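Student: Below you'll find the structure I mean.
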Amino acid sequence: MNARRAGLVVGILSAVGVMLLAIADVGRKSPGPVSTVHGRIAELAGGNECASCHGGWFGDLRSSCNECHKDIAAQITDHKGLHGTLAPALAGACGTCHGEHHGAEFRLVNRLAFAQAGIPDPQQFDHKVVGYVMAGRHTQLACSKCHANADADVLPEGGKRFLGLQQDCATCHHDPHAGQMQVACATCHSQETFVERSVPGHDRLLRIDGAHAQVACRECHVADTATALERLQPNVLREARQCGNCHETPHSAPFLAGNAKLHGQGVAASCAVCHPLDYTKFSDPRTTVDPAQHAFGGFALQAPHDRPACAQCHAVGRPFVERHPGRSADACAQCHADPHGGQFANGPFAAQGCVGCHDRERFAPHAFDDAHHARTALPLDGRHGEAECVACHKEPAEGQPRQFAGTPSRCEQCHTDVHAPVFAPVAAKLAANPRGTCAECHGATAFANVDHAAFEHGRTTGFPVVGAHAQVECTDCHRRSEVADPHGRRFGRIERRSDQFAGCVSCHPDPHAGMFDREEMPRVVEGRTSCERCHDAASFRALPHGFDHAAFTGYALAGAHTALDCAKCHAVRSEPDATGRTWERARGRECSDCHADPHAGQFVREGKIDCTRCHRSTTSYSVLSFRHDVDSRFALGEAHAKVPCASCHKLEKIAEKMAIRYLPLPTECVQCHGAEGAPRRRNKG
């Protein structure tokens with residue numbers, strides 16, 4: 001009985017010991033930081049919740065892994081996929097391949113993990129293991145081409161590294177058939193290339209050889225048609241199509257209808273009348289057309305066109321559209337040499353062709369008159385109507401056609417620009433006139449006839465005549481010359497102070513001597529530059545936009561200065577100076593330049609007085625910013641702080657002027673209170 005009791009006690013104590021060890025084990029600290037993917041999970045973020053992965057008293061690592069990685073657990077259970085092919089012991093030992101606690105940057109899927117699974121090189125992984133036969137171009141691809149996260153150091157949240165793909169081609173490749181194909185991709189394509197095709201049974205409808213072997217499937221099986229590839233079904237034959245069902249004919253509808261009727265066939269099947277199926281191309285030289293068929297094309301072979309051989313009009317070896325352009329009897333230039341070198345292939349006469357200027361029976365003489373010329377870029381009006389044709393259409397060089405198209409038609413192409421280079425900056429605007437830049441102001445009769453109302457000074461010269469400028473005559477700036485220049489011009493040019501136009505200073509002297517054009521000055525103020533930053537064209541005296549004193553002078557007007565009239569600092573001149581200046585310059589920027597020194601020079605330092613040391617206020621000098629304890633040599637103690645200022649700073653004569661004494665003053669006690677031993681009273685306040 002005692003032995004049994006002793007055994008029971010030992011058992012209980014053992015159980016308690018095991019529990020204590022378990023509790024101690026559960027409370028262990030993490031051997032290292034977990035990876036980033038696991039660290040994103042709230043309960044694993046600190047890396048100390050061991051039981052979450054390693055299981056508590058009744059769990060283990062494998063169960064915890066399977067709880068999150070259900071797709072991997074399913075592989076192991078179903079014996080599918082990579083994990084389903086592993087030995088049971090290895091498949092259940094997750095930590096063997098995917099170690100943890102190696103830091104946030106550690107990849108759980110790495111070469112070691114593959115090696116543990118019997119795959120030394122992940123790049124050589126045999127996809128047959130997962131039920132996919134990889135061949136052709138697929139073997140040349142990097143893993144990441146299909147598995148986007150294959151090389152990712154850290155998987156995106158919710159992402160998969162290798163799982164989640166389907167073996168259907170459209171999973172990775174764009175499906176040009178939009179999922180409408182009824183046959184599998186492998187029916188027509190291999191893994192080597194999508195271009196390769198193999199369609200058994202096609203010869204029962206059409207042999208894929210000869211010319212037909214050179215065309216793509218889509219050329220016959222056009223999308224959204226009854227014969228589209230998307231509508232093909234395995235082992236289902238369709239009715240054979242006729243030539244016209246696939247080939248777009250270059251012939252006209254009348255030709256097709258007439259030819260089909262002539263031979264008693266339908267239009268779609270009538271191609272074979274001229275183009276037998278054993279011809280390798282439609283342009284086979286054995287192809288012929290009789291006069292009756294030719295007439296169906298809209299060009300009856302009547303005299304004199306009935307005499308030439310076919311090849312004289314339809315040159316052998318050229319593309320169909322060149323050999324058979326569908327000409328009419330009036331399309332002369334398509335057979336006859338063009339003496340104009342193609343100059344009339346475009347333009348107002350292109351639609352009429354040769355018969356627009358020539359008779360149908362002969363080319364000479366031409367019928368091009370003034371009415372025809374009016375349809376060109378240069379109507380023959382004014383003095384132009386007096387010129388001979390050869391004046392503009394000169395004799396060509398030998399072997400070259402006379403120039404008609406492209407002959408100069410704008411004023412500036414024939415006449416010298418007497419205004420150059422004044423209007424060069426606005427040349428693009430003037431060029432908008434189809435007759436030329438001169439036509440904006442001049443007519444075709446004489447250059448002296450100027451439409452003054454049409455001349456916009458601002459748009460044409462870039463200088464709007466407004467304000468004071470609008471009150472002067474043109475000749476005040478453009479002084480007329482008594483003698484014409486070589487071009488006949490008498491209208492004077494502007495006399496500028498420099499060759500380049502630079503705004504107001506081109507004509508007016510700068511009274512500010514360049515002060516406001518320095519590098520640190522504002523170049524543009526609300527879109528205005530130069531003098532217009534402050535002035536307008538009405539008067540230099542006016543300041544319609546105001547004046548930013550701080551920006552242009554570096555001296556901001558504040559406090560009492562803002563209420564002053566400008567003349568308080570800038571005296572008004574009785575007469576302008578040589579530069580036109582009407583205001584004097586300010587006396588200076590320092591307080592002492594304008595204000596008298598009430599301290600009789602006590603605060604002069606190196607020849608200057610810095611008033612702001614004590615008077616920082618811009619409103620009144622009576623507002624002091626002086627701190628006796630900081631700004632002087634004598635700190636005010638408890639007693640001195642209660643003494644009136646005037647007790648120490650008294651009015652006296654300084655430098656022949658009555659002023660309050662501030663400097664120098666005694667700083668030692670005995671200098672004000674007497675020698676040692678003299679009776680003193682303490683301030684009991």
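Identifiers in this document derive from the order of the structure tokens: chains are assigned A, B, ..., residues are numbered from 1 separately in each chain, and ligands are numbered from 1 in order of occurrence.
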List the spatial neighbours of stretch 41-52 of chain A as a list of chain:residue names - criterion: any atom at most 9 Å away, only C-alpha atoms, same-chain residues fewer than 5 positions off excluded.
Tutor: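 Once the adjacent positions are removed, what remains is A:Val26, A:Gly27, A:Arg28, A:Lys29, A:Ser30, A:Pro31, A:Gly32, A:Pro33, A:Val34, A:Thr36, A:Trp57, A:Gly59, A:Asp60, A:Leu61, A:Ser64, A:His101.
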Student: Could those residues be written to a file, using N, CA, C and O atoms, as a compact mmCIF listing (two decimals), in the first residue's frame?
Tutor:
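Result saved to out.txt:
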```
# COMPACT_ATOMS: atom_id res chain seq x y z
N VAL A 26 7.12 27.29 -23.49
CA VAL A 26 6.21 28.18 -24.22
C VAL A 26 6.66 29.62 -24.08
O VAL A 26 6.50 30.44 -24.97
N GLY A 27 7.21 29.96 -23.01
CA GLY A 27 7.60 31.33 -22.76
C GLY A 27 8.98 31.68 -23.32
O GLY A 27 9.51 32.73 -22.99
N ARG A 28 9.57 30.80 -24.09
CA ARG A 28 10.89 31.10 -24.62
C ARG A 28 10.87 32.27 -25.59
O ARG A 28 9.89 32.51 -26.26
N LYS A 29 11.97 32.93 -25.70
CA LYS A 29 12.12 34.03 -26.65
C LYS A 29 12.47 33.50 -28.03
O LYS A 29 13.06 32.43 -28.16
N SER A 30 12.13 34.28 -29.07
CA SER A 30 12.42 33.90 -30.45
C SER A 30 13.92 33.85 -30.69
O SER A 30 14.65 34.73 -30.22
N PRO A 31 14.41 32.86 -31.44
CA PRO A 31 15.86 32.80 -31.74
C PRO A 31 16.28 33.84 -32.75
O PRO A 31 17.46 33.99 -33.02
N GLY A 32 15.35 34.55 -33.38
CA GLY A 32 15.71 35.56 -34.37
C GLY A 32 14.46 36.13 -35.02
O GLY A 32 13.37 35.57 -34.90
N PRO A 33 14.60 37.26 -35.74
CA PRO A 33 13.44 37.88 -36.39
C PRO A 33 12.86 36.95 -37.46
O PRO A 33 13.58 36.23 -38.15
N VAL A 34 11.53 37.01 -37.60
CA VAL A 34 10.88 36.21 -38.63
C VAL A 34 10.96 36.94 -39.96
O VAL A 34 11.25 38.13 -40.04
N THR A 36 9.77 38.69 -43.56
CA THR A 36 8.81 39.79 -43.79
C THR A 36 7.42 39.26 -44.04
O THR A 36 6.43 39.81 -43.53
N TRP A 57 0.39 22.97 -26.66
CA TRP A 57 0.55 21.64 -26.05
C TRP A 57 0.05 20.51 -26.94
O TRP A 57 0.52 19.40 -26.88
N GLY A 59 -0.42 20.83 -30.49
CA GLY A 59 -0.21 21.09 -31.92
C GLY A 59 1.25 20.92 -32.30
O GLY A 59 2.10 20.64 -31.46
N ASP A 60 1.53 21.08 -33.60
CA ASP A 60 2.90 21.00 -34.09
C ASP A 60 3.06 21.96 -35.27
O ASP A 60 2.11 22.59 -35.73
N LEU A 61 4.31 22.08 -35.76
CA LEU A 61 4.64 23.01 -36.85
C LEU A 61 3.87 22.68 -38.12
O LEU A 61 3.34 23.56 -38.81
N SER A 64 0.29 23.88 -38.05
CA SER A 64 0.20 25.34 -38.16
C SER A 64 0.45 25.79 -39.59
O SER A 64 -0.24 26.67 -40.10
N HIS A 101 13.31 32.47 -38.80
CA HIS A 101 14.09 33.19 -37.80
C HIS A 101 15.49 33.54 -38.30
O HIS A 101 16.45 33.58 -37.54
```
Student: Pick out the closest residue to A:Ala331 from this set: A:Arg435, A:Gln293, A:Val355, A:Lys568. Count only C-alpha atoms.
Tutor: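 Nearest to A:Ala331: A:Val355.
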Student: Using only C-alpha atoms, determine which residues lie at most 8 Å from A:Glu192, disregarding the query and same-chain residues fewer than 4 positions distant; provide the list as a PDB file with N, CA and C atoms, in the first residue's frame.
Tutor:
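Result saved to around_4.pdb:
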```pdb
ATOM      1  N   ALA A 135       7.785  22.311 -73.471  1.00  0.00           N
ATOM      2  CA  ALA A 135       8.601  22.081 -74.658  1.00  0.00           C
ATOM      3  C   ALA A 135       8.718  23.387 -75.430  1.00  0.00           C
ATOM      4  N   GLY A 136       9.490  23.349 -76.534  1.00  0.00           N
ATOM      5  CA  GLY A 136       9.584  24.492 -77.433  1.00  0.00           C
ATOM      6  C   GLY A 136      10.082  25.751 -76.755  1.00  0.00           C
ATOM      7  N   ARG A 137       9.440  26.837 -77.085  1.00  0.00           N
ATOM      8  CA  ARG A 137       9.877  28.145 -76.602  1.00  0.00           C
ATOM      9  C   ARG A 137       9.754  28.284 -75.088  1.00  0.00           C
ATOM     10  N   HIS A 138       8.876  27.486 -74.486  1.00  0.00           N
ATOM     11  CA  HIS A 138       8.705  27.596 -73.042  1.00  0.00           C
ATOM     12  C   HIS A 138       9.995  27.262 -72.295  1.00  0.00           C
ATOM     13  N   GLU A 196       3.137  28.284 -86.627  1.00  0.00           N
ATOM     14  CA  GLU A 196       3.049  26.931 -87.176  1.00  0.00           C
ATOM     15  C   GLU A 196       1.615  26.411 -87.112  1.00  0.00           C
TER      16      GLU A 196
END
```
Student: Just the alpha helix (DSSP H) stuff from stretch 45-244 of chain A, please, per backbone DSSP, written as an MDAnalysis selection string.
Tutor: chainID A and resid 51:54 61:68 70:78 81:84 88:92 94:97 111:116 143:146 217:220 243:244
Student: Excluding same-chain residues fewer than 3 positions from A:Val236, what lies within 12 Å of it counting only C-alpha atoms, as an MDAnalysis selection string?
Tutor: chainID A and resid 182:183 200:202 204:205 231:233 239
Student: Can you write out the residues you just picked, keeping N, CA and C atoms, as a PDB file, in the first residue's frame?
Tutor:
```pdb
ATOM      1  N   GLN A 182     -13.525  26.987 -80.573  1.00  0.00           N
ATOM      2  CA  GLN A 182     -14.153  25.746 -80.145  1.00  0.00           C
ATOM      3  C   GLN A 182     -13.185  24.571 -80.216  1.00  0.00           C
ATOM      4  N   VAL A 183     -12.000  24.816 -80.691  1.00  0.00           N
ATOM      5  CA  VAL A 183     -10.964  23.785 -80.715  1.00  0.00           C
ATOM      6  C   VAL A 183      -9.806  24.269 -79.847  1.00  0.00           C
ATOM      7  N   PRO A 200      -5.570  18.882 -90.123  1.00  0.00           N
ATOM      8  CA  PRO A 200      -5.904  17.684 -90.914  1.00  0.00           C
ATOM      9  C   PRO A 200      -7.290  17.813 -91.552  1.00  0.00           C
ATOM     10  N   GLY A 201      -7.412  17.334 -92.780  1.00  0.00           N
ATOM     11  CA  GLY A 201      -8.711  17.316 -93.449  1.00  0.00           C
ATOM     12  C   GLY A 201      -9.022  18.553 -94.255  1.00  0.00           C
ATOM     13  N   HIS A 202      -8.122  19.557 -94.204  1.00  0.00           N
ATOM     14  CA  HIS A 202      -8.412  20.792 -94.945  1.00  0.00           C
ATOM     15  C   HIS A 202      -8.455  20.541 -96.454  1.00  0.00           C
ATOM     16  N   ARG A 204      -9.840  18.366 -98.090  1.00  0.00           N
ATOM     17  CA  ARG A 204     -11.141  17.930 -98.600  1.00  0.00           C
ATOM     18  C   ARG A 204     -11.957  19.110 -99.104  1.00  0.00           C
ATOM     19  N   LEU A 205     -11.643  20.315 -98.626  1.00  0.00           N
ATOM     20  CA  LEU A 205     -12.310  21.527 -99.114  1.00  0.00           C
ATOM     21  C   LEU A 205     -11.392  22.337-100.021  1.00  0.00           C
ATOM     22  N   ARG A 231     -15.577  29.752 -85.302  1.00  0.00           N
ATOM     23  CA  ARG A 231     -16.761  28.931 -85.540  1.00  0.00           C
ATOM     24  C   ARG A 231     -16.418  27.516 -86.023  1.00  0.00           C
ATOM     25  N   LEU A 232     -15.131  27.235 -86.183  1.00  0.00           N
ATOM     26  CA  LEU A 232     -14.738  25.899 -86.622  1.00  0.00           C
ATOM     27  C   LEU A 232     -14.958  24.900 -85.497  1.00  0.00           C
ATOM     28  N   GLN A 233     -15.426  23.709 -85.886  1.00  0.00           N
ATOM     29  CA  GLN A 233     -15.662  22.636 -84.929  1.00  0.00           C
ATOM     30  C   GLN A 233     -14.913  21.391 -85.382  1.00  0.00           C
ATOM     31  N   GLU A 239     -19.293  23.846 -96.405  1.00  0.00           N
ATOM     32  CA  GLU A 239     -19.401  23.938 -97.862  1.00  0.00           C
ATOM     33  C   GLU A 239     -18.238  24.763 -98.399  1.00  0.00           C
TER      34      GLU A 239
END
```
Student: Excluding same-chain residues fewer than 4 positions from stretch 448-465 of chain A, what lies within 8 Å of it counting only C-alpha atoms, as a ChimeraX atom specification?
Tutor: /A:422-423,425-426,429-430,440-443,469-470
Student: Using only C-alpha atoms, what does the table of stretch 554-624 of chain A residues within 9 Å of stretch 503-509 of chain A look like, with each row giving the shortest atom pair and its distance in Å to one decimal, sorted by chain and ascending number, as CSV?
Tutor:
```
residue,atom,partner,partner_atom,distance
A:Ala578,CA,A:Pro509,CA,8.7
A:Thr579,CA,A:Pro509,CA,5.5
A:Gly580,CA,A:Pro509,CA,7.4
```
Student: What lies within 10 Å of A:Thr139 using only C-alpha atoms, ignoring chain neighbours under 5 positions off, as a VMD selection string?
Tutor: chain A and resid 123 to 124 134 191 to 192
Student: Any chance you can output those residues with all heavy atoms as a PDB file, in the first residue's frame?
Tutor:
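Written file, out11.pdb:
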```pdb
ATOM      1  N   GLN A 123      16.141  26.264 -62.086  1.00  0.00           N
ATOM      2  CA  GLN A 123      15.942  26.623 -63.487  1.00  0.00           C
ATOM      3  C   GLN A 123      15.722  25.383 -64.362  1.00  0.00           C
ATOM      4  O   GLN A 123      15.209  25.500 -65.471  1.00  0.00           O
ATOM      5  CB  GLN A 123      17.159  27.407 -63.999  1.00  0.00           C
ATOM      6  CG  GLN A 123      17.407  28.725 -63.285  1.00  0.00           C
ATOM      7  CD  GLN A 123      16.303  29.726 -63.531  1.00  0.00           C
ATOM      8  OE1 GLN A 123      15.675  29.705 -64.582  1.00  0.00           O
ATOM      9  NE2 GLN A 123      16.025  30.575 -62.547  1.00  0.00           N
ATOM     10  N   GLN A 124      16.134  24.224 -63.872  1.00  0.00           N
ATOM     11  CA  GLN A 124      15.974  22.982 -64.630  1.00  0.00           C
ATOM     12  C   GLN A 124      14.817  22.142 -64.106  1.00  0.00           C
ATOM     13  O   GLN A 124      14.761  20.933 -64.343  1.00  0.00           O
ATOM     14  CB  GLN A 124      17.286  22.179 -64.553  1.00  0.00           C
ATOM     15  CG  GLN A 124      18.505  22.928 -65.053  1.00  0.00           C
ATOM     16  CD  GLN A 124      18.366  23.336 -66.504  1.00  0.00           C
ATOM     17  OE1 GLN A 124      17.816  22.589 -67.319  1.00  0.00           O
ATOM     18  NE2 GLN A 124      18.864  24.531 -66.842  1.00  0.00           N
ATOM     19  N   MET A 134       6.496  20.651 -70.670  1.00  0.00           N
ATOM     20  CA  MET A 134       7.049  21.897 -71.195  1.00  0.00           C
ATOM     21  C   MET A 134       7.979  21.593 -72.356  1.00  0.00           C
ATOM     22  O   MET A 134       8.854  20.733 -72.268  1.00  0.00           O
ATOM     23  CB  MET A 134       7.804  22.656 -70.097  1.00  0.00           C
ATOM     24  CG  MET A 134       8.411  23.971 -70.570  1.00  0.00           C
ATOM     25  SD  MET A 134       9.288  24.828 -69.248  1.00  0.00           S
ATOM     26  CE  MET A 134       7.900  25.354 -68.265  1.00  0.00           C
ATOM     27  N   GLN A 191       4.151  24.347 -79.177  1.00  0.00           N
ATOM     28  CA  GLN A 191       4.775  25.199 -78.177  1.00  0.00           C
ATOM     29  C   GLN A 191       5.980  25.938 -78.739  1.00  0.00           C
ATOM     30  O   GLN A 191       6.576  26.774 -78.053  1.00  0.00           O
ATOM     31  CB  GLN A 191       5.202  24.381 -76.953  1.00  0.00           C
ATOM     32  CG  GLN A 191       4.051  23.849 -76.118  1.00  0.00           C
ATOM     33  CD  GLN A 191       4.520  23.310 -74.781  1.00  0.00           C
ATOM     34  OE1 GLN A 191       5.344  23.912 -74.116  1.00  0.00           O
ATOM     35  NE2 GLN A 191       3.985  22.145 -74.403  1.00  0.00           N
ATOM     36  N   GLU A 192       6.326  25.668 -79.964  1.00  0.00           N
ATOM     37  CA  GLU A 192       7.468  26.342 -80.565  1.00  0.00           C
ATOM     38  C   GLU A 192       7.089  27.714 -81.102  1.00  0.00           C
ATOM     39  O   GLU A 192       7.783  28.699 -80.918  1.00  0.00           O
ATOM     40  CB  GLU A 192       8.049  25.481 -81.702  1.00  0.00           C
ATOM     41  CG  GLU A 192       9.322  26.051 -82.307  1.00  0.00           C
ATOM     42  CD  GLU A 192      10.447  26.150 -81.291  1.00  0.00           C
ATOM     43  OE1 GLU A 192      10.602  25.202 -80.485  1.00  0.00           O
ATOM     44  OE2 GLU A 192      11.152  27.171 -81.291  1.00  0.00           O
TER      45      GLU A 192
END
```
Student: Hey, what's within 9 Å of A:Asn110 if we count only C-alpha atoms and toss same-chain stuff fewer than 5 positions away? As JSON, numbers by chain, please?
Tutor: {"A": [97, 98, 115, 122]}
Student: Could you write those residues out with all heavy atoms, as a short mmCIF file (atom, residue, chain, number, x, y, z; two decimals), in the first residue's frame?
Tutor:
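Saved to part34.cif:
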```cif
data_model
loop_
_atom_site.label_atom_id
_atom_site.label_comp_id
_atom_site.auth_asym_id
_atom_site.auth_seq_id
_atom_site.Cartn_x
_atom_site.Cartn_y
_atom_site.Cartn_z
N CYS A 97 12.86 22.58 -45.32
CA CYS A 97 13.09 23.32 -46.58
C CYS A 97 12.92 24.82 -46.41
O CYS A 97 13.58 25.61 -47.09
CB CYS A 97 12.14 22.82 -47.67
SG CYS A 97 12.32 21.07 -48.07
N HIS A 98 11.99 25.19 -45.51
CA HIS A 98 11.65 26.61 -45.39
C HIS A 98 11.98 27.07 -43.98
O HIS A 98 11.12 27.14 -43.10
CB HIS A 98 10.16 26.84 -45.69
CG HIS A 98 9.71 26.21 -46.98
ND1 HIS A 98 10.10 26.69 -48.21
CD2 HIS A 98 8.92 25.12 -47.21
CE1 HIS A 98 9.55 25.94 -49.15
NE2 HIS A 98 8.84 24.97 -48.57
N ALA A 115 16.72 22.18 -53.36
CA ALA A 115 17.67 21.07 -53.23
C ALA A 115 17.14 20.01 -52.25
O ALA A 115 17.29 18.80 -52.48
CB ALA A 115 19.02 21.60 -52.76
N PRO A 122 16.76 25.08 -59.65
CA PRO A 122 15.35 25.43 -59.91
C PRO A 122 15.09 25.76 -61.37
O PRO A 122 13.99 25.57 -61.86
CB PRO A 122 15.12 26.66 -59.00
CG PRO A 122 16.16 26.55 -57.94
CD PRO A 122 17.36 25.91 -58.58
#
```
